[in-house]
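Asks: Next comes the structure file target_12.cif, holding mmCIF, C-alpha atoms and all ligand atoms.
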data_final
#
loop_
_atom_site.label_atom_id
_atom_site.label_comp_id
_atom_site.auth_asym_id
_atom_site.auth_seq_id
_atom_site.Cartn_x
_atom_site.Cartn_y
_atom_site.Cartn_z
CA VAL R 1 -28.60 -42.49 91.94
CA VAL R 2 -25.91 -41.48 89.48
CA ALA R 3 -25.57 -38.02 88.00
CA ALA R 4 -27.57 -37.39 84.85
CA SER R 5 -27.73 -34.64 82.27
CA PHE R 6 -30.46 -33.66 79.85
CA HIS R 7 -30.10 -31.37 76.86
CA CYS R 8 -33.35 -29.66 75.88
CA GLU R 9 -33.95 -28.07 72.48
CA LEU R 10 -36.37 -25.73 74.31
CA ALA R 11 -37.17 -25.56 78.01
CA TRP R 12 -39.56 -23.46 80.07
CA LEU R 13 -37.61 -21.87 82.90
CA GLY R 14 -40.52 -19.77 84.21
CA GLY R 15 -40.53 -16.83 81.76
CA GLU R 16 -42.90 -15.82 78.99
CA ALA R 17 -40.87 -17.60 76.29
CA PRO R 18 -38.88 -20.82 76.39
CA ALA R 19 -35.08 -20.86 76.63
CA ARG R 20 -33.04 -22.64 73.94
CA ASP R 21 -30.44 -25.38 74.17
CA VAL R 22 -30.84 -25.81 77.90
CA LEU R 23 -28.53 -28.22 79.69
CA VAL R 24 -30.11 -29.56 82.89
CA GLU R 25 -27.75 -31.44 85.19
CA ALA R 26 -28.98 -33.55 88.08
CA ASP R 27 -27.32 -35.32 90.92
CA ASP R 28 -29.07 -37.70 93.29
CA GLY R 29 -32.42 -36.76 91.74
CA VAL R 30 -32.00 -33.01 92.27
CA ILE R 31 -31.22 -30.35 89.66
CA VAL R 32 -27.71 -28.96 90.30
CA ALA R 33 -27.22 -26.79 87.19
CA VAL R 34 -29.40 -25.21 84.49
CA THR R 35 -27.50 -23.67 81.56
CA PRO R 36 -29.25 -22.10 78.55
CA ASP R 37 -27.47 -21.76 75.19
CA ALA R 38 -25.25 -24.71 76.03
CA PRO R 39 -23.90 -27.31 73.60
CA ALA R 40 -24.98 -30.90 74.22
CA PRO R 41 -22.20 -32.80 75.97
CA SER R 42 -21.65 -36.40 74.98
CA GLY R 43 -23.60 -38.65 77.30
CA ALA R 44 -26.44 -36.17 77.80
CA THR R 45 -29.96 -37.38 77.06
CA ARG R 46 -31.31 -35.17 74.29
CA PHE R 47 -34.89 -33.96 74.28
CA ALA R 48 -36.40 -32.44 71.16
CA GLY R 49 -39.44 -30.22 71.56
CA LEU R 50 -40.33 -28.26 74.67
CA VAL R 51 -39.31 -29.48 78.11
CA LEU R 52 -41.48 -28.49 81.05
CA PRO R 53 -41.03 -29.19 84.74
CA GLY R 54 -43.07 -32.13 86.02
CA LEU R 55 -46.82 -31.51 86.07
CA ALA R 56 -48.79 -31.79 89.32
CA ASN R 57 -52.28 -33.27 89.31
CA ALA R 58 -53.50 -31.73 92.56
CA HIS R 59 -56.88 -33.46 92.80
CA SER R 60 -57.46 -37.13 92.01
CA HIS R 61 -59.79 -39.92 93.07
CA ALA R 62 -57.99 -42.81 91.40
CA PHE R 63 -60.92 -45.24 91.36
CA HIS R 64 -63.13 -42.84 89.39
CA ARG R 65 -61.05 -43.77 86.34
CA ALA R 66 -63.24 -46.89 86.05
CA LEU R 67 -66.28 -44.66 85.49
CA ARG R 68 -64.91 -43.19 82.26
CA SER R 69 -67.35 -43.54 79.35
CA ARG R 70 -69.78 -45.45 81.57
CA THR R 71 -71.18 -42.27 83.09
CA GLN R 72 -70.66 -39.61 80.43
CA THR R 73 -73.97 -40.10 78.63
CA GLY R 74 -77.61 -40.09 79.62
CA PRO R 75 -79.59 -37.60 81.68
CA GLY R 76 -78.90 -36.72 85.30
CA THR R 77 -76.97 -34.44 87.62
CA PHE R 78 -73.95 -34.52 89.89
CA TRP R 79 -76.12 -36.41 92.37
CA THR R 80 -77.13 -39.21 89.97
CA TRP R 81 -73.48 -39.49 88.88
CA ARG R 82 -72.61 -39.90 92.55
CA ASP R 83 -74.92 -42.94 92.79
CA ASP R 84 -72.94 -44.58 89.96
CA MET R 85 -69.70 -43.71 91.73
CA TYR R 86 -70.96 -45.32 94.96
CA ARG R 87 -71.86 -48.52 93.07
CA LEU R 88 -68.28 -48.72 91.88
CA ALA R 89 -66.81 -47.88 95.29
CA ALA R 90 -68.81 -50.74 96.80
CA THR R 91 -66.88 -53.31 94.73
CA LEU R 92 -63.28 -52.36 95.46
CA ASP R 93 -60.94 -54.38 97.64
CA PRO R 94 -57.27 -53.67 98.43
CA GLU R 95 -56.01 -55.83 95.58
CA SER R 96 -58.39 -54.59 92.89
CA TYR R 97 -58.00 -50.99 93.98
CA HIS R 98 -54.21 -51.22 94.03
CA ARG R 99 -54.16 -52.48 90.45
CA LEU R 100 -56.69 -49.90 89.24
CA ALA R 101 -54.84 -47.04 90.97
CA ARG R 102 -51.47 -48.17 89.61
CA ALA R 103 -52.86 -48.16 86.07
CA THR R 104 -54.54 -44.78 86.58
CA PHE R 105 -51.36 -43.23 88.01
CA ALA R 106 -49.40 -44.72 85.11
CA GLU R 107 -51.80 -43.05 82.67
CA MET R 108 -51.01 -39.80 84.50
CA VAL R 109 -47.27 -40.40 84.15
CA LEU R 110 -47.69 -40.88 80.39
CA ALA R 111 -49.47 -37.50 80.39
CA GLY R 112 -46.50 -35.81 82.10
CA VAL R 113 -47.85 -35.87 85.65
CA THR R 114 -45.00 -36.46 88.10
CA CYS R 115 -46.88 -35.66 91.31
CA VAL R 116 -50.44 -36.58 92.25
CA GLY R 117 -52.62 -35.42 95.13
CA GLU R 118 -54.83 -38.39 95.89
CA PHE R 119 -57.94 -37.23 97.78
CA HIS R 120 -58.41 -40.53 99.50
CA TYR R 121 -61.71 -41.27 101.23
CA LEU R 122 -62.32 -44.98 100.59
CA HIS R 123 -60.80 -46.28 103.82
CA HIS R 124 -62.65 -49.36 105.02
CA ALA R 125 -64.18 -52.65 103.90
CA PRO R 126 -67.88 -52.92 102.99
CA GLY R 127 -70.14 -52.03 105.90
CA GLY R 128 -67.35 -49.92 107.41
CA VAL R 129 -65.51 -52.99 108.70
CA ARG R 130 -61.84 -52.21 109.40
CA TYR R 131 -59.12 -54.02 107.50
CA ARG R 132 -56.47 -55.69 109.66
CA ASP R 133 -54.28 -52.69 108.83
CA PRO R 134 -56.80 -49.82 108.98
CA ASN R 135 -54.63 -48.03 106.38
CA GLU R 136 -54.57 -50.93 103.95
CA LEU R 137 -56.24 -48.96 101.14
CA GLY R 138 -54.09 -45.87 101.77
CA ALA R 139 -50.98 -48.05 101.67
CA ALA R 140 -52.27 -49.53 98.40
CA MET R 141 -52.47 -46.02 96.91
CA ILE R 142 -48.91 -45.24 98.02
CA ALA R 143 -47.60 -48.52 96.57
CA ALA R 144 -49.52 -47.88 93.34
CA ALA R 145 -47.91 -44.45 92.93
CA SER R 146 -44.46 -45.84 93.64
CA GLU R 147 -44.88 -48.59 91.04
CA ALA R 148 -46.26 -46.12 88.49
CA GLY R 149 -43.22 -43.92 89.09
CA LEU R 150 -44.63 -40.64 90.39
CA ARG R 151 -44.69 -38.73 93.67
CA ILE R 152 -47.86 -38.83 95.74
CA THR R 153 -49.36 -36.69 98.43
CA LEU R 154 -51.99 -38.89 100.03
CA LEU R 155 -54.64 -36.45 101.21
CA ASP R 156 -56.25 -38.68 103.79
CA THR R 157 -59.85 -37.57 103.91
CA CYS R 158 -62.09 -37.20 106.92
CA TYR R 159 -65.62 -38.19 105.89
CA LEU R 160 -68.09 -38.69 108.72
CA GLY R 161 -71.57 -37.72 107.53
CA ALA R 162 -74.02 -37.79 104.65
CA GLY R 163 -75.30 -34.23 104.53
CA ILE R 164 -76.24 -31.29 106.73
CA ASP R 165 -79.55 -31.31 108.62
CA PRO R 166 -81.39 -27.99 108.90
CA ASP R 167 -80.39 -27.84 112.59
CA GLY R 168 -76.70 -28.11 111.65
CA GLY R 169 -76.32 -31.79 112.59
CA LEU R 170 -74.83 -34.34 110.23
CA ARG R 171 -76.92 -37.09 108.72
CA PRO R 172 -75.36 -40.49 109.44
CA VAL R 173 -73.48 -42.24 106.65
CA GLU R 174 -75.18 -45.24 105.11
CA GLY R 175 -74.59 -47.88 102.46
CA THR R 176 -71.32 -47.41 100.55
CA GLN R 177 -70.54 -44.29 102.60
CA LEU R 178 -69.85 -46.56 105.60
CA ARG R 179 -66.60 -47.42 103.80
CA PHE R 180 -65.57 -43.75 103.90
CA SER R 181 -66.19 -43.02 107.59
CA ASP R 182 -63.93 -43.54 110.60
CA GLY R 183 -66.91 -42.87 112.87
CA SER R 184 -65.33 -39.89 114.63
CA VAL R 185 -62.64 -37.32 114.02
CA ASP R 186 -60.56 -38.87 116.84
CA ALA R 187 -60.62 -42.21 115.04
CA TRP R 188 -59.62 -40.42 111.82
CA ILE R 189 -56.66 -38.81 113.63
CA ALA R 190 -55.54 -42.10 115.18
CA ARG R 191 -55.61 -43.86 111.80
CA VAL R 192 -53.74 -41.09 109.95
CA GLU R 193 -51.07 -40.88 112.64
CA ALA R 194 -50.41 -44.59 112.10
CA LEU R 195 -50.02 -43.88 108.38
CA LEU R 196 -47.35 -41.22 109.01
CA ALA R 197 -45.00 -43.83 110.44
CA ASP R 198 -43.77 -45.39 107.24
CA VAL R 199 -43.53 -43.04 104.31
CA GLU R 200 -40.81 -42.96 101.69
CA SER R 201 -39.04 -40.09 100.00
CA ASN R 202 -41.55 -39.76 97.15
CA VAL R 203 -44.52 -39.80 99.52
CA ARG R 204 -46.21 -37.11 101.59
CA VAL R 205 -49.29 -37.48 103.75
CA GLY R 206 -51.71 -34.57 103.95
CA ALA R 207 -55.22 -34.09 105.28
CA ALA R 208 -58.58 -33.43 103.69
CA ILE R 209 -62.05 -32.55 104.84
CA HIS R 210 -64.36 -34.18 102.33
CA SER R 211 -66.77 -31.20 102.34
CA VAL R 212 -69.05 -29.31 104.70
CA ARG R 213 -71.62 -31.97 103.76
CA ALA R 214 -69.55 -34.72 105.38
CA VAL R 215 -67.81 -33.24 108.42
CA ALA R 216 -69.31 -31.27 111.34
CA PRO R 217 -67.77 -27.89 112.26
CA THR R 218 -66.11 -29.14 115.47
CA SER R 219 -64.54 -32.03 113.56
CA MET R 220 -63.35 -29.70 110.75
CA SER R 221 -61.64 -27.67 113.41
CA ALA R 222 -59.97 -30.80 114.82
CA VAL R 223 -58.69 -31.77 111.35
CA ALA R 224 -57.32 -28.24 110.83
CA ASP R 225 -55.58 -28.36 114.23
CA TRP R 226 -54.07 -31.71 113.32
CA ALA R 227 -52.78 -30.36 109.98
CA GLU R 228 -51.27 -27.38 111.77
CA THR R 229 -49.60 -29.52 114.43
CA TYR R 230 -48.04 -31.84 111.88
CA ASP R 231 -47.42 -29.12 109.25
CA ARG R 232 -49.53 -30.89 106.60
CA MET R 233 -51.40 -29.60 103.58
CA LEU R 234 -55.18 -29.52 103.94
CA HIS R 235 -57.71 -29.75 101.11
CA ALA R 236 -61.51 -29.73 100.94
CA HIS R 237 -64.20 -29.85 98.26
CA VAL R 238 -65.88 -26.44 98.48
CA SER R 239 -69.07 -25.22 96.78
CA GLU R 240 -68.99 -27.68 93.90
CA GLN R 241 -72.79 -27.61 93.68
CA PRO R 242 -75.42 -25.00 94.57
CA ALA R 243 -77.23 -27.55 96.80
CA GLU R 244 -74.20 -27.63 99.11
CA ASN R 245 -74.37 -23.84 99.49
CA GLU R 246 -78.12 -23.99 100.16
CA GLN R 247 -77.80 -26.67 102.87
CA CYS R 248 -74.97 -24.80 104.51
CA HIS R 249 -76.78 -21.46 104.45
CA HIS R 250 -79.91 -23.02 105.84
CA ALA R 251 -78.10 -24.63 108.78
CA PHE R 252 -75.32 -22.14 109.50
CA SER R 253 -76.33 -18.87 107.77
CA ARG R 254 -73.03 -18.77 105.91
CA SER R 255 -71.39 -20.14 102.80
CA PRO R 256 -69.33 -23.35 102.93
CA LEU R 257 -66.15 -21.29 102.66
CA GLY R 258 -67.42 -18.89 105.34
CA LEU R 259 -68.01 -21.86 107.64
CA LEU R 260 -64.55 -23.30 106.92
CA ALA R 261 -63.07 -19.86 107.69
CA ASP R 262 -64.95 -19.64 110.98
CA VAL R 263 -63.60 -22.97 112.23
CA GLY R 264 -60.00 -22.15 111.34
CA VAL R 265 -59.49 -24.20 108.18
CA LEU R 266 -58.27 -21.45 105.84
CA GLY R 267 -54.63 -20.45 105.53
CA GLU R 268 -51.52 -21.05 103.46
CA ARG R 269 -51.77 -24.81 103.85
CA PHE R 270 -55.39 -24.89 102.59
CA THR R 271 -56.66 -25.61 99.07
CA ALA R 272 -60.34 -25.23 98.17
CA VAL R 273 -61.15 -27.75 95.44
CA HIS R 274 -63.66 -26.62 92.77
CA ALA R 275 -64.59 -23.32 94.51
CA THR R 276 -67.27 -23.03 91.83
CA HIS R 277 -70.19 -21.19 93.45
CA MET R 278 -68.34 -18.46 95.35
CA THR R 279 -69.49 -15.11 96.67
CA GLU R 280 -67.32 -11.98 96.53
CA HIS R 281 -66.80 -12.42 100.26
CA ASP R 282 -65.63 -16.01 99.73
CA VAL R 283 -62.99 -14.81 97.26
CA THR R 284 -61.84 -12.16 99.74
CA LEU R 285 -61.56 -14.80 102.47
CA LEU R 286 -59.43 -16.99 100.20
CA ALA R 287 -57.16 -14.08 99.30
CA THR R 288 -56.68 -12.64 102.80
CA SER R 289 -55.98 -16.09 104.26
CA ARG R 290 -53.52 -16.91 101.41
CA SER R 291 -55.47 -20.07 100.63
CA SER R 292 -55.29 -21.72 97.18
CA VAL R 293 -57.91 -23.09 94.82
CA CYS R 294 -57.79 -26.21 92.67
CA MET R 295 -59.69 -26.10 89.39
CA CYS R 296 -60.86 -29.35 87.79
CA PRO R 297 -62.58 -28.02 84.66
CA THR R 298 -62.97 -31.29 82.75
CA THR R 299 -64.76 -32.87 85.69
CA GLU R 300 -66.71 -29.71 86.47
CA ARG R 301 -68.09 -29.61 82.94
CA ASP R 302 -68.75 -33.36 82.90
CA LEU R 303 -70.72 -33.16 86.16
CA ALA R 304 -72.57 -29.97 85.22
CA ASP R 305 -71.06 -28.21 88.24
CA GLY R 306 -70.64 -24.75 86.77
CA ILE R 307 -67.72 -22.40 86.02
CA ALA R 308 -65.58 -21.04 88.84
CA PRO R 309 -64.87 -17.28 88.99
CA THR R 310 -61.24 -17.61 87.94
CA ALA R 311 -60.95 -13.98 86.81
CA ARG R 312 -61.80 -12.93 90.36
CA PHE R 313 -59.27 -15.41 91.74
CA ARG R 314 -56.65 -13.86 89.46
CA ASP R 315 -57.58 -10.30 90.46
CA ALA R 316 -57.46 -11.22 94.15
CA GLY R 317 -54.14 -13.06 93.80
CA VAL R 318 -55.49 -16.48 94.85
CA PRO R 319 -53.05 -19.19 93.65
CA MET R 320 -54.65 -21.69 91.28
CA CYS R 321 -53.68 -25.27 90.62
CA LEU R 322 -55.26 -28.04 88.54
CA GLY R 323 -56.69 -31.52 89.00
CA SER R 324 -58.27 -34.20 86.83
CA ASP R 325 -60.51 -35.25 89.74
CA SER R 326 -62.89 -37.88 88.28
CA HIS R 327 -60.53 -38.59 85.34
CA ALA R 328 -63.17 -38.10 82.65
CA VAL R 329 -59.92 -37.31 80.85
CA ILE R 330 -56.36 -37.23 82.20
CA ASP R 331 -54.69 -34.35 80.42
CA LEU R 332 -53.31 -31.38 82.36
CA PHE R 333 -52.95 -29.34 79.16
CA GLU R 334 -56.71 -29.69 78.66
CA GLU R 335 -57.34 -28.63 82.29
CA ALA R 336 -55.02 -25.62 81.86
CA ARG R 337 -56.62 -24.30 78.68
CA ALA R 338 -60.11 -24.99 80.04
CA VAL R 339 -59.51 -22.49 82.86
CA GLU R 340 -59.07 -19.74 80.27
CA LEU R 341 -61.58 -21.02 77.70
CA ASP R 342 -64.36 -21.51 80.27
CA GLU R 343 -63.70 -17.96 81.46
CA ARG R 344 -64.14 -16.76 77.88
CA LEU R 345 -67.52 -18.51 77.64
CA ALA R 346 -68.66 -17.11 80.97
CA SER R 347 -67.43 -13.54 80.50
CA GLY R 348 -67.25 -12.89 76.76
CA VAL R 349 -63.67 -11.70 77.30
CA ARG R 350 -60.50 -13.35 75.94
CA GLY R 351 -57.07 -13.45 77.50
CA THR R 352 -57.85 -13.33 81.24
CA HIS R 353 -55.16 -15.88 82.09
CA ARG R 354 -51.68 -15.62 80.62
CA VAL R 355 -50.16 -18.80 79.18
CA MET R 356 -47.35 -18.73 81.74
CA ASP R 357 -49.84 -18.43 84.59
CA LEU R 358 -51.68 -21.49 83.30
CA LEU R 359 -48.34 -23.34 83.20
CA VAL R 360 -47.62 -22.24 86.78
CA ALA R 361 -51.00 -23.70 87.76
CA ALA R 362 -50.06 -27.01 86.10
CA THR R 363 -46.59 -27.16 87.69
CA SER R 364 -45.21 -25.21 90.67
CA ALA R 365 -48.57 -24.11 92.12
CA GLY R 366 -49.81 -27.69 92.11
CA HIS R 367 -46.66 -28.93 93.82
CA SER R 368 -46.93 -26.21 96.47
CA ALA R 369 -50.56 -27.12 97.16
CA LEU R 370 -49.42 -30.72 97.68
CA GLY R 371 -46.61 -29.81 100.06
CA TRP R 372 -43.70 -30.08 97.60
CA ARG R 373 -42.53 -26.48 97.80
CA GLY R 374 -39.89 -25.60 95.24
CA ALA R 375 -40.82 -28.54 93.00
CA GLY R 376 -42.38 -28.11 89.57
CA ARG R 377 -39.62 -25.78 88.33
CA ILE R 378 -36.56 -26.32 86.20
CA ALA R 379 -34.25 -24.63 88.69
CA VAL R 380 -31.28 -25.51 90.86
CA GLY R 381 -32.44 -27.31 94.01
CA ALA R 382 -35.72 -28.57 92.52
CA PRO R 383 -36.34 -32.29 92.00
CA ALA R 384 -35.19 -33.37 88.53
CA ASP R 385 -38.70 -33.92 87.16
CA LEU R 386 -38.92 -33.15 83.44
CA VAL R 387 -41.57 -33.55 80.75
CA ALA R 388 -40.72 -33.37 77.05
CA VAL R 389 -43.56 -32.33 74.71
CA ASP R 390 -43.40 -33.00 70.97
CA LEU R 391 -43.54 -29.84 68.86
CA ARG R 392 -43.59 -31.78 65.60
CA SER R 393 -46.76 -33.82 66.14
CA PRO R 394 -49.75 -33.35 63.81
CA ARG R 395 -51.20 -30.99 66.44
CA THR R 396 -48.15 -28.92 67.27
CA ALA R 397 -46.15 -28.89 64.02
CA GLY R 398 -45.49 -25.51 62.43
CA VAL R 399 -45.41 -23.53 65.67
CA PRO R 400 -42.44 -21.14 65.97
CA ALA R 401 -40.18 -21.74 68.97
CA ASP R 402 -41.19 -18.47 70.62
CA ASP R 403 -44.83 -19.61 70.63
CA ALA R 404 -44.10 -23.09 71.98
CA LEU R 405 -45.68 -22.34 75.38
CA ALA R 406 -48.94 -21.28 73.74
CA ALA R 407 -48.86 -24.37 71.54
CA VAL R 408 -48.54 -26.62 74.56
CA VAL R 409 -51.29 -24.90 76.54
CA TYR R 410 -53.76 -24.43 73.68
CA VAL R 411 -53.28 -27.42 71.37
CA ALA R 412 -51.03 -30.13 72.80
CA THR R 413 -52.60 -33.21 74.35
CA ALA R 414 -51.34 -35.78 76.80
CA GLY R 415 -50.44 -37.88 73.75
CA ASP R 416 -47.79 -35.31 72.78
CA VAL R 417 -45.72 -36.07 75.88
CA THR R 418 -42.74 -38.09 74.65
CA ASP R 419 -40.51 -38.45 77.72
CA VAL R 420 -40.91 -38.08 81.46
CA VAL R 421 -38.16 -37.97 84.06
CA VAL R 422 -38.78 -38.25 87.81
CA ASN R 423 -35.93 -37.71 90.26
CA GLY R 424 -33.49 -37.77 87.33
CA ARG R 425 -34.71 -41.15 86.08
CA HIS R 426 -36.66 -41.91 82.94
CA VAL R 427 -40.16 -43.24 83.62
CA VAL R 428 -41.55 -42.61 80.11
CA CYS R 429 -39.37 -43.09 77.02
CA ASP R 430 -40.65 -42.27 73.55
CA ARG R 431 -44.31 -42.29 74.70
CA ARG R 432 -44.00 -45.62 76.53
CA HIS R 433 -44.05 -46.22 80.26
CA CYS R 434 -40.78 -47.91 81.25
CA ASN R 435 -42.38 -50.54 83.54
CA LEU R 436 -46.03 -50.97 82.67
CA ASP R 437 -48.20 -51.66 79.63
CA VAL R 438 -50.58 -48.90 80.67
CA ALA R 439 -53.47 -49.57 78.30
CA ALA R 440 -53.44 -53.29 79.11
CA GLU R 441 -53.27 -52.57 82.85
CA LEU R 442 -56.21 -50.17 82.61
CA ASP R 443 -58.21 -52.66 80.57
CA THR R 444 -57.58 -55.55 82.96
CA SER R 445 -58.07 -53.60 86.19
CA ILE R 446 -61.27 -51.84 85.04
CA ARG R 447 -62.82 -55.06 83.74
CA ALA R 448 -62.04 -56.71 87.07
CA VAL R 449 -63.83 -54.10 89.19
CA TRP R 450 -66.96 -54.09 86.99
CA ASP R 451 -66.99 -57.91 86.89
CA ALA R 452 -67.00 -57.78 90.71
CA ALA R 453 -69.95 -55.36 90.57
CA SER R 454 -72.16 -57.58 88.40
ZN ZN U 501 -63.03 -34.53 94.11
#
Starting from the coordinates I provided, produce the structure as structure tokens.

Replies:
Amino acid sequence: VVAASFHCELAWLGGEAPARDVLVEADDGVIVAVTPDAPAPSGATRFAGLVLPGLANAHSHAFHRALRSRTQTGPGTFWTWRDDMYRLAATLDPESYHRLARATFAEMVLAGVTCVGEFHYLHHAPGGVRYRDPNELGAAMIAAASEAGLRITLLDTCYLGAGIDPDGGLRPVEGTQLRFSDGSVDAWIARVEALLADVESNVRVGAAIHSVRAVAPTSMSAVADWAETYDRMLHAHVSEQPAENEQCHHAFSRSPLGLLADVGVLGERFTAVHATHMTEHDVTLLATSRSSVCMCPTTERDLADGIAPTARFRDAGVPMCLGSDSHAVIDLFEEARAVELDERLASGVRGTHRVMDLLVAATSAGHSALGWRGAGRIAVGAPADLVAVDLRSPRTAGVPADDALAAVVYVATAGDVTDVVVNGRHVVCDRRHCNLDVAAELDTSIRAVWDAAS
């Protein structure tokens, strides 16, 4: 990769206001110099507007993109939505899922996402039958990310059961869930170790526990031990719905997070996704263990999950990152502002989360939670991942330069992203993906999976 330089009218270098006329120089995909108040040298790529570091989407299930608009209306709950999601999951094969995931990841790239955490639990063929390569679907996700042009942390998810019995046992998986289960935690470990063998530079493999509903305590402990041994990030859905808390209390006399703490899951490598229905003690456990949380507000509101106690996370110093999860929308700016705006609705108080903290959640905190420490910053040594946001669009026009960060967090949309650079290379130019016709790919791939379902 040749050296590249980018001259940014405004760039966010981590402070409360953007810097002006920032020259970012990269070599071999890594930032080697950042110089504010610099003239633009000839040969530099010039970015108008505000340049941010690459955004990290820390929680994704790529196939859920095909549910968009099909599941937003009508009555129901999280649990009826889940039935729709299972119907879709039943139809996917390696080819159709690869194409759908590539289109979904490309939509993310257009929105400024340069790193995705794919919480991957669809492992096997219908009925739980193994593919010839038991990691065929995981490999399809990795290939899809590579073709879409972004980094991926494949959070390979252990999913062994269908709910907690009152005696603490797991109900067996059935129907579509058979595709999610490896049968035992040992089989999960064996499959994931095979996946570690061939990963490329833009790929990391991490671990996930689907939830306390799907993995027994001894198996959670085995997954945590595995993550520790291999130094991998570890994520889990935690307390997304009150019913999960009730089942867990009934069987184990503790909260889902309390149970995860007891079996050794919490710690710096751990991210609790959703963390919606938390007790004070849960928040303390997160803080003292230096665990993170991932907020997915657009999904949480779509699924009627509830509002997480983000003011308490802030007070306790729990790092927050963001995910688009079910992809009801893919727009990290919307996720970022929703953290603050939902808090306003819940508390009647404005200004709990500073704009720069919401940007940290969308960038460096997300990368850290996905195992890319030091990424998501415009700083020497970080990957040269840059996102230019238009400050002269109908939404953002008229904003003074000093308020550009607030404009991006509170009013910009994914459609205001003009250019995206990953590893020093352009992947989006002037609002177009360099390799893919994203809308056409989404249209074709989503039609194909629903045609297979009918
Ligand atoms: Zn999820």

Asks: Quick check, in Å to one decimal: how far apart do atom CA of R:Asp28 and atom CA of R:Ala414 lie?

Replies: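 About the pair atom CA of R:Asp28 and atom CA of R:Ala414: they are 27.8 Å apart.
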
Asks: Would you mind listing the residues within 9 Å of ligand ZN 501 (chain U), counting only C-alpha atoms and all ligand atoms, as a list in words?

Replies: His59, Ser60, His61, Phe119, His210, Ala236, His237, Val273, His274, Cys296, Thr299, Gly323, Ser324, Asp325 and Ser326 of chain R

Asks: With C-alpha atoms retained, export the selected residues as a PDB file, keeping the file's coordinate frame.

Replies:
ATOM      1  CA  HIS R  59     -56.880 -33.460  92.800  1.00  0.00           C
ATOM      2  CA  SER R  60     -57.460 -37.130  92.010  1.00  0.00           C
ATOM      3  CA  HIS R  61     -59.790 -39.920  93.070  1.00  0.00           C
ATOM      4  CA  PHE R 119     -57.940 -37.230  97.780  1.00  0.00           C
ATOM      5  CA  HIS R 210     -64.360 -34.180 102.330  1.00  0.00           C
ATOM      6  CA  ALA R 236     -61.510 -29.730 100.940  1.00  0.00           C
ATOM      7  CA  HIS R 237     -64.200 -29.850  98.260  1.00  0.00           C
ATOM      8  CA  VAL R 273     -61.150 -27.750  95.440  1.00  0.00           C
ATOM      9  CA  HIS R 274     -63.660 -26.620  92.770  1.00  0.00           C
ATOM     10  CA  CYS R 296     -60.860 -29.350  87.790  1.00  0.00           C
ATOM     11  CA  THR R 299     -64.760 -32.870  85.690  1.00  0.00           C
ATOM     12  CA  GLY R 323     -56.690 -31.520  89.000  1.00  0.00           C
ATOM     13  CA  SER R 324     -58.270 -34.200  86.830  1.00  0.00           C
ATOM     14  CA  ASP R 325     -60.510 -35.250  89.740  1.00  0.00           C
ATOM     15  CA  SER R 326     -62.890 -37.880  88.280  1.00  0.00           C
TER      16      SER R 326
END

Asks: Quick one: residues within 7 Å of stretch 238-255 of chain R, all atoms listed in the file, excluding same-chain residues fewer than 2 positions away - as a list in words?

Replies: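 Result of the neighbour search: Ile164, Asp165, Pro166, Asp167, Gly168, Ser211, Arg213, Ala236, Leu257, Gly258, Leu259, Ala272, Val273, His274, Ala275, Thr276, His277, Met278 and Asp305 of chain R.
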
Asks: Kindly indicate which residue among R:Thr80, R:Thr114, R:Ser347, R:Asn57 lies nearest to R:Glu335, using all atoms listed in the file for the distances.

Replies: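 Among the listed residues, the smallest separation from R:Glu335 belongs to R:Asn57.
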
Asks: From the options R:Val199, R:Val113, R:Leu370, R:Ala162, which residue's atoms come nearest to R:Gly138, counting all atoms listed in the file?

Replies: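 When distances to R:Gly138 are compared using all atoms listed in the file, the smallest one comes from R:Val199.
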
Asks: As an exercise, work out the distance from atom CA of R:Arg232 to atom CA of R:Ser146 in Å and give it to one decimal place.

Replies: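 Atom-to-atom, atom CA of R:Arg232 to atom CA of R:Ser146, that is 20.4 Å.
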
Asks: Counting all atoms listed in the file, which of R:Glu118, R:Cys294, R:Ala362, R:Leu303 gets nearest to R:Trp79?

Replies: R:Leu303

Asks: Enter the distance from atom CA of R:Ala145 to atom CA of R:Ala448, in Å, rounded to one decimal.

Replies: 19.6 Å

Asks: So, counting all atoms listed in the file, which residue among R:Leu195, R:Ala111, R:Ala287, R:Val173 is closest to R:Thr413?

Replies: R:Ala111
